[in-house]
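Here the structure comes first, spelled out in structure tokens, and everything after it is commentary.
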Amino acid sequence: MLRKPKMERFNENVLSKHQIYNSIFITLPFDTITNTGVLLPLFSEMCEKGYQDKQNPTQIIDTFFEKYQDNPSENQKQDLLFRFIQYIERQVVLFDAIEDAAFPIVNNLDGRGTLRSIKEEAEAKNKTDELKEYLKTFKIRPVLTAHPTQFYPGPVLGIITDLALAIENNDLILIKKLLAQLGKTPFFKKEKPTPYDEAVSLIWYLENVFYQTISKIFTYIQNNIFEDTELQNQIINLGFWPGGDRDGNPFVTSEITKKVAERLRITILKNYYRDIRKLKRRITFVKVDKLISELEANIYKSIYGGVEKPVITPEVFLEKLYEIKTLIIEDHQSLFLDEVNDLINKVKIFAFHFASLDIRQDSRVHHHVLTNIVKETRALGLDIFPDNYESLSDEAQIEALGKVKGKLKPEIFKDEMTRKTLESIYAMQVIQQNNGELGCNRYIISNNQTMTNVMESFAMIRLCNWKEPSVDVIPLFETVNDLQGAHGVMEQLYTNEVYAAHLKRRGNKQTIMLGFSDGTKDGGYLMANWSIFKAKEELTAISRKYDIKVMFFDGRGGPPARGGGKTHQFYASLGSTISDEEVQLTIQGQTISSNFGTLDSSGYNLEQLLSSGISNRVFKNDKHSTLSDEDRDTMEKLANISYQAYTDFKSHDKFIPYLERMSTLKYYAKTNIGSRPSKRGKSDKLVFSDLRAIPFVGSWSQLKQNVPGFYGVGHAIATFEADGKLEKVKTLYKNSSFFKTLLENSMMSLSKSFFELTAYMKDDEEFGAFWQLIYEEYERSKEMILKVTGYEELMEDSREMRASIKVRESIVLPLLTIQQYALRRIQEINKQKSPDKKELEVYEKIVTRSLFGNINASRNSA
């Protein structure tokens with residue numbers, strides 16, 4: 001039977017079902033007032049028509065109340081707007097659940113980029129041996145972070161899961177009950193979560209999704225590609241940031257770090273315990289039953305026995321499982337062998353740590369701490385640093401840092417940050433003792449600029465009674481300037497005797513992290529991506545020169561502006577000039593629930609990530625991954641032109657005031673979705689360098705202007721066109737998968753822009769010209785990208801994603817209208833001589849609440 005086209009499958013299983021279930025949803029009463037659901041479609045229609053007629057949000061809402069309400073009071077208006085927000089939030093959840101239910105139908109789970117497809121392609125091209133060789137070392141490492149872009153509280157995530165299953169089964173009675181439950185379940189968090197709360201939320205995905213999907217992928221590779229040869233490489237390693245990421249988060253303590261690591265260990269042991277209990281019901285054979293009972297008892301004691309560390313090690317656990325496997329094969333006709341193999345694979349992958357907890361801190365904090373250690377140890381008479389350390393040259397300081405070692409106790413220091421930083425290093429040692437080395441063996445230095453930044457961190461680790469630390473020190477290069485100088489920093493490290501000796505003990509492997517989010521904020525879309533591409537090439541070359549295996553760890557977010565978008569295509573587009581030992585990337589916020597929230601979507605997207613690396617090496621197509629000199633020159637010029645345009649835009653005297661007064665930037669801190677502050681500095685004045693990438697990108701998204709995903713792209717291409725060189729850009733697009741992926745992701749940002757929402761700003765006395773500047777670049781970018789790609793409309797090659805975006809944008813249009821209406825009311829109230837503080841508070845609450853649905857609706861940006 002022929003499979004229907006993807007767009008047809010999407011229409012039947014998503015769009016049609018959404019119309020049916022949404023019509024049921026809006027008729028359900030969730031409070032004493034039953035007409036909210038009836039009024040919402042009328043309001044939505046009025047929003048669409050209003051913007052077509054060039055009305056502003058205030059006019060649209062005033063017209064709605066005049067037409068459909070009988071002279072309502074201000075309180076009644078506000079009450080209905082709040083109820084609209086609550087309905088719209090839940091409409092987004094319903095659409096999420098419908099898409100989740102349709103995922104295995106809309107996406108071909110055996111199609112391109114899946115393991116089955118890879119295996120068949122390798123066989124067809126006679127490359128099975130090459131594939132096996134590559135899979136012996138290649139890994140992917142998804143790292144779950146608590147970066148606050150996920151607005152759904154835990155109970156709502158549970159409803160999405162149950163609702164998706166009910167929709168899949170067409171269980172109308174249960175669907176109605178779940179929709180009613182959804183209507184009464186609060187979305188808003190009255191208190192900020194702690195880092196431990198964030199960790200517990202994400203561990204849910206490890207326990208209920210990744211545990212199954214990763215082992216299933218490993219088993220498929222073992223059984224279908226390696227067959228009789230036992231695969232020793234884990235293939236997929238999980239990373240984890242909640243409870244370990246200290247960068248700008250004062251609420252992460254060493255106690256929380258240890259508590260999170262313990263929760264990870266207990267959770268994986270509970271999963272093993274459940275599996276052992278299932279095995280025990282099946283394997284009731286002589287001798288084998290005793291071995292399983294012993295394992296059950298030891299795992300139980302390790303979970304509930306009140307012990308600090310497990311009473312059994314992963315190595316002994318595996319040894320016993322292999323003993324059981326041998327007995328089953330030799331004495332019991334291999335009965336239930338697959339189930340035993342499954343558990344063996346899980347222990348090989350997850351051991352007792354489940355996911356590796358990364359520690360991250362800012363280089364400026366390290367410098368402060370190191371400076372304080374020098375000062376306070378000298379005052380205590382400890383002979384660790386030279387007396388004149390502060391006045392030494394950089395080279396001499398680096399030499400001194402390489403020589404230090406000792407056992408500094410955190411409690412001897414007066415400075416709080418010094419104590420906390422040293423405690424975090426001792427916490428790593430405790431975690432390694434209890435969970436194994438993989439439990440916590442990476443120390444990431446954000447805002448890394450120099451070799452000194454790395455050596456200061458390395459010295460602090462060695463000063464914590466860790467002469468030869470079992471830790472990988474990972475510099476994170478983020479800004480355009482830092483990326484350009486990264487290869488020089490690494491060459492200095494590779495040629496430093498002390499650091500080179502450390503790398504040798506670590507297998508001559510170096511992980512380097514590169515930050516897309518802050519790179520885009522700093523340099524604009526094209527320059528950020530091109531700078532990272534070039535940095536990877538240079539870092540690969542310098543690492544190969546010194547015989548170091550370099551692994552790149554990408555700090556990616558959900559939307560294209562933060563390095564998200566079509567992630568798999570991006571990795572598949574990198575050529576042989578970039579090391580492909582591993583694919584490591586952060587998975588943030590709504591990207592976790594949208595790409596890895598169900599067994600189907602998690603398995604599919606993990607396989608796609610795996611295939612991106614395999615395609616790059618085993619099935620490499622140098623024609624589309626290696627840039628010619630001419631194409632490289634074109635890309636370089638495009639990046640530089642766009643960078644200048646973005647830099648000029650960022651330097652505009654209205655840039656910061658516009659974000660402060662016309663966007664939702666300051667409201668992010670009030671949403672209580674993440675434990676860390678929304679900016680790094682403590683100053684009341686908004687400083688660009690203190691801005692975190694998430695609220696920065698998110699604020700442009702709420703305005704429906706999505707500046708970080710396109711600004712400068714149109715200007716750069718138009719400059720080529722004005723010089724009569726547009727064909728060069730078209731040639732680059734045709735030849736380079738990397739550039740093609742960049743433009744496709746930029747198209748996504750443009751598709752999610754809607755300037756009619758804020759068109760009223762062009763008449764603003766202060767910000768009108770600035771708004772017009774953004775709008776003109778939006779129009780220019782759209783026009784130029786369509787010319788280069790030859791498309792008639794944006795995202796022409798991703799019709800089902802475009803259709804999904806269209807539905808989501810239509811759902812949240814009333815929400816954005818309410819948000820803009822409230823922002824305008826706030827501006828009006830603030831201009832009054834005696835502002836009504838109570839009224840101001842109400843509209844500020846409306847703005848804050850309206851953030852939720854819009855961000856959640858953007859889940860397909862991942």
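Going through the structure tokens in order, the chains are called A, B, and so on, while each chain numbers its residues from 1 and the ligands are numbered from 1 in the order shown.
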Excluding Ile829 in chain A and its own-chain neighbours fewer than 4 positions away, which residues fall within 12 Å of it when counting only C-alpha atoms? Please give them as a PDB file with C-alpha atoms, in the first residue's frame.
```
ATOM      1  CA  ALA A 822      -1.833  45.574  28.211  1.00  0.00           C
ATOM      2  CA  LEU A 823       1.623  46.990  27.360  1.00  0.00           C
ATOM      3  CA  ARG A 824      -0.018  50.056  25.805  1.00  0.00           C
ATOM      4  CA  ARG A 825      -2.253  50.512  28.862  1.00  0.00           C
ATOM      5  CA  LYS A 833       0.570  62.422  36.972  1.00  0.00           C
ATOM      6  CA  SER A 834      -0.752  60.067  39.651  1.00  0.00           C
ATOM      7  CA  PRO A 835      -0.639  56.530  38.201  1.00  0.00           C
ATOM      8  CA  ASP A 836      -3.178  54.058  39.593  1.00  0.00           C
ATOM      9  CA  LYS A 837      -0.840  51.432  41.098  1.00  0.00           C
ATOM     10  CA  LYS A 838      -3.588  48.828  41.450  1.00  0.00           C
ATOM     11  CA  GLU A 839      -4.591  49.131  37.795  1.00  0.00           C
ATOM     12  CA  LEU A 840      -0.930  49.086  36.771  1.00  0.00           C
ATOM     13  CA  GLU A 841      -0.395  45.845  38.703  1.00  0.00           C
ATOM     14  CA  VAL A 842      -3.341  44.176  36.940  1.00  0.00           C
ATOM     15  CA  TYR A 843      -2.010  44.988  33.454  1.00  0.00           C
ATOM     16  CA  GLU A 844       1.500  43.908  34.403  1.00  0.00           C
TER      17      GLU A 844
END
```
Item to check | Exercise: Lys504 in chain A partners within 12 Å, only C-alpha atoms, chain neighbours under 4 positions left out, as a VMD selection string | outcome: chain A and resid 468 470 472 494 496 to 500 508 to 510 546 to 549
Deliver the residues from the most recent selection as a file, using N, CA and C atoms, as an mmCIF file, in the first residue's frame.
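After the write, out_38.cif holds the following:
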```cif
data_model
loop_
_atom_site.group_PDB
_atom_site.id
_atom_site.type_symbol
_atom_site.label_atom_id
_atom_site.label_comp_id
_atom_site.auth_asym_id
_atom_site.auth_seq_id
_atom_site.Cartn_x
_atom_site.Cartn_y
_atom_site.Cartn_z
ATOM 1 N N GLU A 468 45.955 14.772 40.321
ATOM 2 C CA GLU A 468 45.721 14.316 38.952
ATOM 3 C C GLU A 468 44.209 14.130 38.765
ATOM 4 N N SER A 470 40.451 13.550 37.763
ATOM 5 C CA SER A 470 39.703 12.799 36.746
ATOM 6 C C SER A 470 38.555 13.681 36.256
ATOM 7 N N ASP A 472 37.477 16.607 32.999
ATOM 8 C CA ASP A 472 37.744 17.289 31.738
ATOM 9 C C ASP A 472 37.422 18.773 31.914
ATOM 10 N N TYR A 494 47.696 23.234 24.533
ATOM 11 C CA TYR A 494 48.277 21.975 24.052
ATOM 12 C C TYR A 494 49.798 21.943 24.216
ATOM 13 N N ASN A 496 51.392 23.602 26.643
ATOM 14 C CA ASN A 496 51.760 23.801 28.045
ATOM 15 C C ASN A 496 52.050 22.438 28.680
ATOM 16 N N GLU A 497 53.211 22.278 29.263
ATOM 17 C CA GLU A 497 53.671 20.973 29.757
ATOM 18 C C GLU A 497 52.687 20.354 30.761
ATOM 19 N N VAL A 498 52.216 21.168 31.697
ATOM 20 C CA VAL A 498 51.331 20.656 32.752
ATOM 21 C C VAL A 498 49.974 20.247 32.167
ATOM 22 N N TYR A 499 49.396 21.129 31.330
ATOM 23 C CA TYR A 499 48.077 20.817 30.774
ATOM 24 C C TYR A 499 48.165 19.655 29.782
ATOM 25 N N ALA A 500 49.249 19.601 29.011
ATOM 26 C CA ALA A 500 49.435 18.496 28.061
ATOM 27 C C ALA A 500 49.526 17.162 28.792
ATOM 28 N N ASN A 508 44.208 11.990 25.724
ATOM 29 C CA ASN A 508 44.436 12.989 24.672
ATOM 30 C C ASN A 508 43.133 13.398 23.979
ATOM 31 N N LYS A 509 42.125 13.619 24.799
ATOM 32 C CA LYS A 509 40.827 14.083 24.296
ATOM 33 C C LYS A 509 40.506 15.437 24.934
ATOM 34 N N GLN A 510 40.001 16.356 24.124
ATOM 35 C CA GLN A 510 39.633 17.685 24.627
ATOM 36 C C GLN A 510 38.249 18.054 24.116
ATOM 37 N N TYR A 546 48.416 18.553 17.076
ATOM 38 C CA TYR A 546 49.020 18.052 18.320
ATOM 39 C C TYR A 546 48.489 16.672 18.722
ATOM 40 N N ASP A 547 47.836 16.005 17.760
ATOM 41 C CA ASP A 547 47.353 14.638 17.959
ATOM 42 C C ASP A 547 46.348 14.552 19.113
ATOM 43 N N ILE A 548 45.493 15.558 19.191
ATOM 44 C CA ILE A 548 44.436 15.595 20.209
ATOM 45 C C ILE A 548 43.096 15.339 19.528
ATOM 46 N N LYS A 549 42.289 14.449 20.100
ATOM 47 C CA LYS A 549 40.926 14.244 19.588
ATOM 48 C C LYS A 549 40.033 15.320 20.202
#
```
Next on the checklist: Could you go through range 383-616 of chain A and tell me which residues DSSP, when run on the backbone, assigns to strand (DSSP E), listing them as an MDAnalysis selection string?
Outcome noted: chainID A and resid 442:446 472:477 509:515 549:555 582:588
Next on the checklist: Can you tell me, as a ChimeraX atom specification, which residues in range 204-362 of chain A count as helix (DSSP H, G or I) by DSSP?
Outcome noted: /A:204-226,254-282,288-304,314-331,337-350
Item to check | Interatomic distance (Å, one decimal) between CA of Leu401 in chain A and CA of Glu437 in chain A | outcome: 24.9 Å
Tell me, counting only C-alpha atoms, for each residue of range 178-249 of chain A within 9 Å of range 595-616 of chain A, which pair of atoms is nearest and how far apart they are in Å to one decimal, in rows ordered by chain and increasing number, as JSON lines.
```
{"residue": "A:Tyr205", "atom": "CA", "partner": "A:Gly597", "partner_atom": "CA", "distance": 7.0}
{"residue": "A:Asn208", "atom": "CA", "partner": "A:Leu599", "partner_atom": "CA", "distance": 8.5}
{"residue": "A:Val209", "atom": "CA", "partner": "A:Leu599", "partner_atom": "CA", "distance": 5.6}
{"residue": "A:Phe210", "atom": "CA", "partner": "A:Ser602", "partner_atom": "CA", "distance": 7.2}
{"residue": "A:Gln212", "atom": "CA", "partner": "A:Leu599", "partner_atom": "CA", "distance": 7.5}
{"residue": "A:Thr213", "atom": "CA", "partner": "A:Gly603", "partner_atom": "CA", "distance": 5.2}
{"residue": "A:Ile214", "atom": "CA", "partner": "A:Gly603", "partner_atom": "CA", "distance": 7.2}
{"residue": "A:Lys216", "atom": "CA", "partner": "A:Gly603", "partner_atom": "CA", "distance": 8.2}
{"residue": "A:Ile217", "atom": "CA", "partner": "A:Gly603", "partner_atom": "CA", "distance": 7.3}
{"residue": "A:Ile235", "atom": "CA", "partner": "A:Leu610", "partner_atom": "CA", "distance": 8.5}
{"residue": "A:Ile236", "atom": "CA", "partner": "A:Leu606", "partner_atom": "CA", "distance": 8.6}
```
Item to check | Among the residues A:Lys301, A:Lys309, A:Arg246, A:Arg281, the one that comes closest to Ala146 in chain A [using only C-alpha atoms] | outcome: A:Arg246
